[in-house]
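Shown next: my_file-v8.tsv, given as TSV, C-alpha atoms.
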```
chain	number	residue	atom	x	y	z
A	44	MET	CA	-45.34	7.58	5.68
A	45	GLU	CA	-43.85	10.72	7.26
A	46	LYS	CA	-40.94	8.70	8.71
A	47	LYS	CA	-40.24	7.24	5.27
A	48	ILE	CA	-40.11	10.72	3.68
A	49	VAL	CA	-37.73	11.92	6.41
A	50	LYS	CA	-35.42	8.96	5.78
A	51	VAL	CA	-35.39	9.63	2.02
A	52	LEU	CA	-34.61	13.32	2.57
A	53	SER	CA	-31.83	12.46	5.03
A	54	LEU	CA	-30.26	10.08	2.51
A	55	ALA	CA	-30.50	12.72	-0.23
A	56	LEU	CA	-28.76	15.29	1.99
A	57	LEU	CA	-26.01	12.79	2.83
A	58	LEU	CA	-25.42	11.97	-0.84
A	59	GLY	CA	-25.34	15.68	-1.62
A	60	ALA	CA	-22.66	16.23	1.02
A	61	ILE	CA	-20.58	13.38	-0.40
A	62	THR	CA	-20.89	14.78	-3.93
A	63	ALA	CA	-19.91	18.28	-2.77
A	64	SER	CA	-16.68	16.96	-1.28
A	65	SER	CA	-15.45	15.39	-4.54
A	66	ALA	CA	-12.44	16.68	-6.47
A	67	PHE	CA	-14.66	18.07	-9.23
A	68	ALA	CA	-17.43	19.78	-7.24
A	69	GLY	CA	-17.17	23.54	-6.85
A	70	LYS	CA	-18.14	25.74	-3.93
A	71	GLU	CA	-19.34	29.23	-4.70
A	72	GLN	CA	-17.70	32.24	-3.07
A	73	SER	CA	-19.30	35.57	-4.09
A	74	GLY	CA	-19.99	34.23	-7.60
A	75	VAL	CA	-16.57	32.60	-7.98
A	76	ILE	CA	-16.68	28.80	-7.99
A	77	VAL	CA	-13.75	27.07	-6.30
A	78	HIS	CA	-12.65	23.57	-7.40
A	79	LYS	CA	-9.95	21.28	-6.00
A	80	ASP	CA	-7.43	19.62	-8.28
A	81	ALA	CA	-5.96	16.13	-7.98
A	82	ILE	CA	-3.21	17.26	-5.59
A	83	GLY	CA	-5.29	19.64	-3.48
A	84	GLY	CA	-4.80	23.00	-5.19
A	85	SER	CA	-7.69	25.43	-5.70
A	86	VAL	CA	-8.88	26.34	-9.19
A	87	LEU	CA	-11.33	29.20	-9.69
A	88	SER	CA	-14.11	29.58	-12.26
A	89	ASN	CA	-16.36	32.54	-13.08
A	90	MET	CA	-13.94	35.21	-11.90
A	91	PRO	CA	-15.53	38.65	-12.39
A	92	GLY	CA	-13.88	41.07	-14.79
A	93	ALA	CA	-11.76	38.51	-16.63
A	94	VAL	CA	-10.56	39.65	-20.07
A	95	TYR	CA	-11.21	37.33	-23.00
A	96	ALA	CA	-9.43	36.87	-26.32
A	97	THR	CA	-11.32	38.32	-29.28
A	98	PRO	CA	-12.95	36.01	-31.86
A	99	GLU	CA	-10.23	37.07	-34.31
A	100	GLU	CA	-7.47	36.08	-31.89
A	101	GLN	CA	-9.14	32.75	-31.22
A	102	ALA	CA	-9.60	32.08	-34.94
A	103	LEU	CA	-5.92	32.78	-35.66
A	104	GLN	CA	-4.78	30.52	-32.85
A	105	SER	CA	-7.13	27.75	-33.95
A	106	GLN	CA	-5.27	27.64	-37.29
A	107	GLN	CA	-2.01	26.80	-35.52
A	108	ALA	CA	-1.67	23.14	-34.54
A	109	SER	CA	1.06	23.84	-32.01
A	110	PHE	CA	2.67	27.07	-30.84
A	111	GLU	CA	5.91	25.16	-30.30
A	112	ALA	CA	6.30	24.94	-34.08
A	113	LEU	CA	6.40	28.75	-34.28
A	114	LEU	CA	9.67	29.08	-32.40
A	115	PRO	CA	13.03	28.28	-34.02
A	116	ASN	CA	14.67	27.08	-30.81
A	117	LEU	CA	11.85	24.57	-30.32
A	118	LYS	CA	11.93	23.22	-33.86
A	119	ASN	CA	10.53	19.68	-34.17
A	120	ASN	CA	9.20	20.05	-30.64
A	121	GLY	CA	12.63	19.18	-29.26
A	122	LEU	CA	13.25	19.63	-25.54
A	123	ASN	CA	15.85	22.12	-24.40
A	124	ALA	CA	18.44	21.86	-21.64
A	125	ALA	CA	16.07	23.13	-18.96
A	126	ALA	CA	13.93	20.01	-19.29
A	127	ALA	CA	16.91	17.68	-19.06
A	128	GLU	CA	17.91	19.34	-15.79
A	129	ARG	CA	14.37	19.04	-14.34
A	130	HIS	CA	14.13	22.78	-14.04
A	131	TYR	CA	11.13	24.43	-12.33
A	132	ASP	CA	10.07	28.02	-12.92
A	133	THR	CA	8.87	28.53	-9.35
A	134	GLU	CA	6.83	31.50	-8.10
A	135	ASN	CA	8.45	32.91	-4.95
A	136	ASN	CA	6.58	36.20	-4.76
A	137	PRO	CA	2.98	35.67	-5.94
A	138	ILE	CA	0.59	38.54	-6.68
A	139	LEU	CA	-2.44	39.04	-4.41
A	140	ILE	CA	-5.40	39.48	-6.78
A	141	GLY	CA	-8.48	38.82	-4.67
A	142	TYR	CA	-10.28	37.43	-1.65
A	143	TRP	CA	-12.31	34.53	-3.01
A	144	ASN	CA	-11.00	31.43	-1.27
A	145	PRO	CA	-11.51	31.09	2.53
A	146	ASN	CA	-8.70	29.45	4.51
A	147	GLU	CA	-6.79	28.41	1.39
A	148	CYS	CA	-3.47	30.05	2.20
A	149	SER	CA	-3.84	30.43	5.98
A	150	SER	CA	-6.56	30.48	8.63
A	151	ASN	CA	-9.23	33.17	8.40
A	152	LYS	CA	-7.87	34.54	5.12
A	153	LYS	CA	-9.53	34.49	1.70
A	154	ASP	CA	-6.41	35.29	-0.29
A	155	THR	CA	-6.11	34.36	-3.97
A	156	TYR	CA	-2.72	34.72	-5.66
A	157	ALA	CA	-1.56	34.76	-9.28
A	158	ARG	CA	1.95	34.02	-10.47
A	159	HIS	CA	4.29	36.30	-12.39
A	160	THR	CA	5.17	35.42	-15.98
A	161	ILE	CA	8.17	33.36	-14.87
A	162	GLY	CA	10.17	31.55	-17.53
A	163	GLU	CA	11.63	32.54	-20.88
A	164	LEU	CA	10.17	35.26	-23.08
A	165	GLN	CA	9.90	34.01	-26.65
A	166	THR	CA	8.90	36.04	-29.73
A	167	SER	CA	7.61	35.06	-33.16
A	168	SER	CA	6.23	37.37	-35.88
A	169	GLY	CA	5.78	40.17	-33.36
A	170	SER	CA	3.89	38.00	-30.86
A	171	LYS	CA	5.13	37.25	-27.34
A	172	TYR	CA	5.09	33.81	-25.73
A	173	LEU	CA	6.03	32.51	-22.29
A	174	LEU	CA	7.98	29.26	-22.08
A	175	SER	CA	7.76	27.72	-18.59
A	176	TYR	CA	8.62	24.45	-16.87
A	177	GLY	CA	6.73	23.03	-13.90
A	178	ASN	CA	4.02	20.62	-12.81
A	179	ALA	CA	0.61	20.04	-14.38
A	180	THR	CA	-2.34	18.43	-12.63
A	181	TRP	CA	-6.07	17.93	-13.34
A	182	TYR	CA	-9.30	19.00	-11.64
A	183	ASN	CA	-12.43	18.52	-13.77
A	184	THR	CA	-14.30	16.59	-16.46
A	185	SER	CA	-15.96	19.62	-18.06
A	186	GLY	CA	-13.35	20.73	-20.60
A	187	LYS	CA	-11.78	23.34	-18.29
A	188	ASN	CA	-8.07	24.16	-18.44
A	189	ALA	CA	-6.57	26.70	-16.06
A	190	LEU	CA	-3.44	28.85	-15.96
A	191	PRO	CA	-2.36	30.73	-12.80
A	192	TYR	CA	-1.61	34.07	-14.51
A	193	ARG	CA	-3.56	37.32	-14.10
A	194	ASN	CA	-6.52	37.65	-16.45
A	195	GLY	CA	-7.76	41.12	-15.45
A	196	SER	CA	-9.95	39.84	-12.62
A	197	SER	CA	-9.03	41.37	-9.27
A	198	THR	CA	-10.42	42.99	-6.16
A	199	THR	CA	-7.03	44.37	-5.07
A	200	GLY	CA	-6.21	46.73	-7.95
A	201	GLN	CA	-4.01	44.17	-9.74
A	202	ASN	CA	-6.10	44.32	-12.90
A	203	LYS	CA	-3.33	43.69	-15.42
A	204	VAL	CA	-3.81	40.98	-18.00
A	205	ASP	CA	-0.84	38.66	-18.36
A	206	VAL	CA	-2.73	35.92	-20.21
A	207	LYS	CA	-6.26	36.35	-21.54
A	208	MET	CA	-9.09	33.88	-21.09
A	209	ASN	CA	-9.96	31.68	-24.10
A	210	ILE	CA	-6.49	31.88	-25.64
A	211	ASN	CA	-4.93	28.64	-26.85
A	212	PHE	CA	-1.69	27.43	-25.31
A	213	THR	CA	0.56	24.41	-25.78
A	214	ILE	CA	1.34	22.02	-22.95
A	215	ARG	CA	3.77	19.10	-23.14
A	216	ASP	CA	4.29	16.12	-20.86
A	217	VAL	CA	8.08	16.24	-20.88
A	218	ASP	CA	8.67	12.60	-19.88
A	219	LYS	CA	6.12	11.22	-22.37
A	220	ASN	CA	7.28	13.78	-24.98
A	221	LYS	CA	3.67	14.42	-26.01
A	222	ALA	CA	2.04	17.82	-26.48
A	223	SER	CA	-1.41	19.28	-27.01
A	224	THR	CA	-2.73	22.76	-27.82
A	225	ILE	CA	-5.73	23.59	-25.63
A	226	LYS	CA	-7.84	26.55	-24.49
A	227	ARG	CA	-7.28	28.51	-21.25
A	228	ASN	CA	-10.74	29.07	-19.70
A	229	ASP	CA	-10.11	29.07	-15.93
A	230	PHE	CA	-7.72	30.40	-13.29
A	231	GLY	CA	-5.47	28.34	-11.03
A	232	PRO	CA	-4.14	26.84	-9.02
A	233	ASN	CA	-4.07	29.49	-6.32
A	234	GLN	CA	-0.38	30.34	-5.86
A	235	CYS	CA	-0.33	30.43	-2.06
A	236	PRO	CA	3.11	31.65	-0.88
A	237	GLY	CA	5.39	28.83	0.22
A	238	SER	CA	3.02	26.06	-0.88
A	239	ARG	CA	3.75	23.19	-3.25
A	240	TYR	CA	1.31	24.75	-5.72
A	241	VAL	CA	3.85	27.42	-6.70
A	242	LYS	CA	5.42	24.70	-8.89
A	243	VAL	CA	2.14	24.06	-10.74
A	244	ILE	CA	1.93	25.91	-14.06
A	245	ALA	CA	-1.31	24.38	-15.42
A	246	ASP	CA	-4.47	22.62	-14.23
A	247	LEU	CA	-6.18	20.49	-16.84
A	248	ASP	CA	-9.33	18.70	-17.85
A	249	LYS	CA	-9.10	15.03	-16.88
A	250	THR	CA	-9.29	13.81	-20.49
A	251	VAL	CA	-6.50	16.15	-21.61
A	252	PHE	CA	-4.35	15.01	-18.68
A	253	LYS	CA	-4.91	11.32	-19.49
A	254	ASP	CA	-4.26	11.81	-23.19
A	255	LEU	CA	-0.88	13.40	-22.46
A	256	HIS	CA	0.20	11.29	-19.49
A	257	GLY	CA	-1.50	7.95	-20.05
A	258	ASN	CA	-3.26	7.82	-16.68
A	259	THR	CA	-4.92	10.12	-14.14
A	260	SER	CA	-3.92	8.25	-10.98
A	261	ASP	CA	-0.52	10.01	-10.80
A	262	GLY	CA	-2.36	13.31	-10.43
A	263	VAL	CA	0.61	15.35	-11.63
A	264	PHE	CA	3.27	15.32	-14.35
A	265	TYR	CA	6.31	17.42	-15.21
A	266	SER	CA	5.38	19.75	-18.04
A	267	ARG	CA	6.33	22.58	-20.31
A	268	THR	CA	3.88	25.27	-21.38
A	269	LEU	CA	4.10	27.81	-24.17
A	270	VAL	CA	1.55	30.56	-23.60
A	271	PRO	CA	0.69	33.65	-25.71
A	272	LEU	CA	1.35	36.74	-23.58
A	273	GLU	CA	-0.52	40.00	-23.26
A	274	ASN	CA	1.89	41.34	-20.64
A	275	TRP	CA	5.47	40.34	-19.79
A	276	ASN	CA	6.09	40.87	-16.10
A	277	PRO	CA	9.07	38.80	-14.90
```

I need this file expressed as structure tokens, please.
Amino acid sequence: MEKKIVKVLSLALLLGAITASSAFAGKEQSGVIVHKDAIGGSVLSNMPGAVYATPEEQALQSQQASFEALLPNLKNNGLNAAAAERHYDTENNPILIGYWNPNECSSNKKDTYARHTIGELQTSSGSKYLLSYGNATWYNTSGKNALPYRNGSSTTGQNKVDVKMNINFTIRDVDKNKASTIKRNDFGPNQCPGSRYVKVIADLDKTVFKDLHGNTSDGVFYSRTLVPLENWNP
């Protein structure tokens, strides 16, 4: 009987290890949960000190089907010249905001980096928006959508808020010419200097990704995001 119990426990531990290595499973680092997206980037949940949009801000944004419709130069959701040229708003000098992710950017370092608000500053009715081109990938099945901009959470003194948590933003699959307005409720991917992740401007829920792109097996698509800004810091 004892041998049987040991075998069952061993199997349970093995299955647990397999589950923990999946793309969706998170590992906790000082309260912050680290996920991996479909192309290997790190996405962080539960970051301490993050600043959230007010209920009033969320209610106003919920009334707007698409932020793209607010801007004259994006009328009818048309794509501008930057998309035709396959332009990427790439982060070349990311901002160190914390130490939550062991060995992500180099050995024996826990560095976590945010990106600057790279792209075009757009305005409408006194509000500021960031228009950016780059890659989008996916990392979860829990309704989480992440942007790699500062949200007030930091252990390095970089406590500015570029984009609040729980704001709505618009993302478009440029090749499919399909857009969706969704909620930002996570951070990522980690913008490690010199990595391929500096081209990623959004990490999505799997269902959102599939709805826009048609499949999840590609793991990444070329996208455009339009994000309400708290701080413009090019």

With a distance cut-off of 12 Å and all atoms listed in the file, select the neighbouring residues of Ala96 of chain A, excluding the residue or stretch itself and same-chain residues fewer than 6 positions from it, and output the selection as a PDB file with C-alpha atoms, in the coordinates of the input.
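Final output, saved to result_20.pdb:
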```
ATOM      1  CA  ALA A 102      -9.600  32.080 -34.940  1.00  0.00           C
ATOM      2  CA  LEU A 103      -5.920  32.780 -35.660  1.00  0.00           C
ATOM      3  CA  GLN A 104      -4.780  30.520 -32.850  1.00  0.00           C
ATOM      4  CA  ASN A 194      -6.520  37.650 -16.450  1.00  0.00           C
ATOM      5  CA  GLY A 195      -7.760  41.120 -15.450  1.00  0.00           C
ATOM      6  CA  VAL A 204      -3.810  40.980 -18.000  1.00  0.00           C
ATOM      7  CA  ASP A 205      -0.840  38.660 -18.360  1.00  0.00           C
ATOM      8  CA  VAL A 206      -2.730  35.920 -20.210  1.00  0.00           C
ATOM      9  CA  LYS A 207      -6.260  36.350 -21.540  1.00  0.00           C
ATOM     10  CA  MET A 208      -9.090  33.880 -21.090  1.00  0.00           C
ATOM     11  CA  ASN A 209      -9.960  31.680 -24.100  1.00  0.00           C
ATOM     12  CA  ILE A 210      -6.490  31.880 -25.640  1.00  0.00           C
ATOM     13  CA  ASN A 211      -4.930  28.640 -26.850  1.00  0.00           C
ATOM     14  CA  LYS A 226      -7.840  26.550 -24.490  1.00  0.00           C
ATOM     15  CA  ARG A 227      -7.280  28.510 -21.250  1.00  0.00           C
ATOM     16  CA  ASN A 228     -10.740  29.070 -19.700  1.00  0.00           C
ATOM     17  CA  PRO A 271       0.690  33.650 -25.710  1.00  0.00           C
ATOM     18  CA  LEU A 272       1.350  36.740 -23.580  1.00  0.00           C
ATOM     19  CA  GLU A 273      -0.520  40.000 -23.260  1.00  0.00           C
TER      20      GLU A 273
END
```

What's around segment 84-86 of chain A at 7 Å? Count all atoms listed in the file, leave out sequence neighbours fewer than 5 positions away in its own chain, and write the answer as a list in words.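 These residues fall inside the cut-off: Val77, His78, Lys79, Phe230, Gly231, Pro232, Asn233 and Tyr240 of chain A.
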
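Distance-wise, atom CA of Ser196 of chain A and atom CA of Val94 of chain A end up 7.5 Å apart.
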
Pick out the closest residue to Asn144 of chain A from this set: A:Asn89, A:Val75, A:Asn276, A:Gly83. Count only C-alpha atoms.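 Between A:Asn89, A:Val75, A:Asn276, A:Gly83, the residue approaching Asn144 of chain A most closely is A:Val75.
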
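The nearest approach to Ser105 of chain A among the residues A:Ser170, A:Asn258, A:Ser150, A:Thr213, with all atoms listed in the file taken into account, belongs to A:Thr213.
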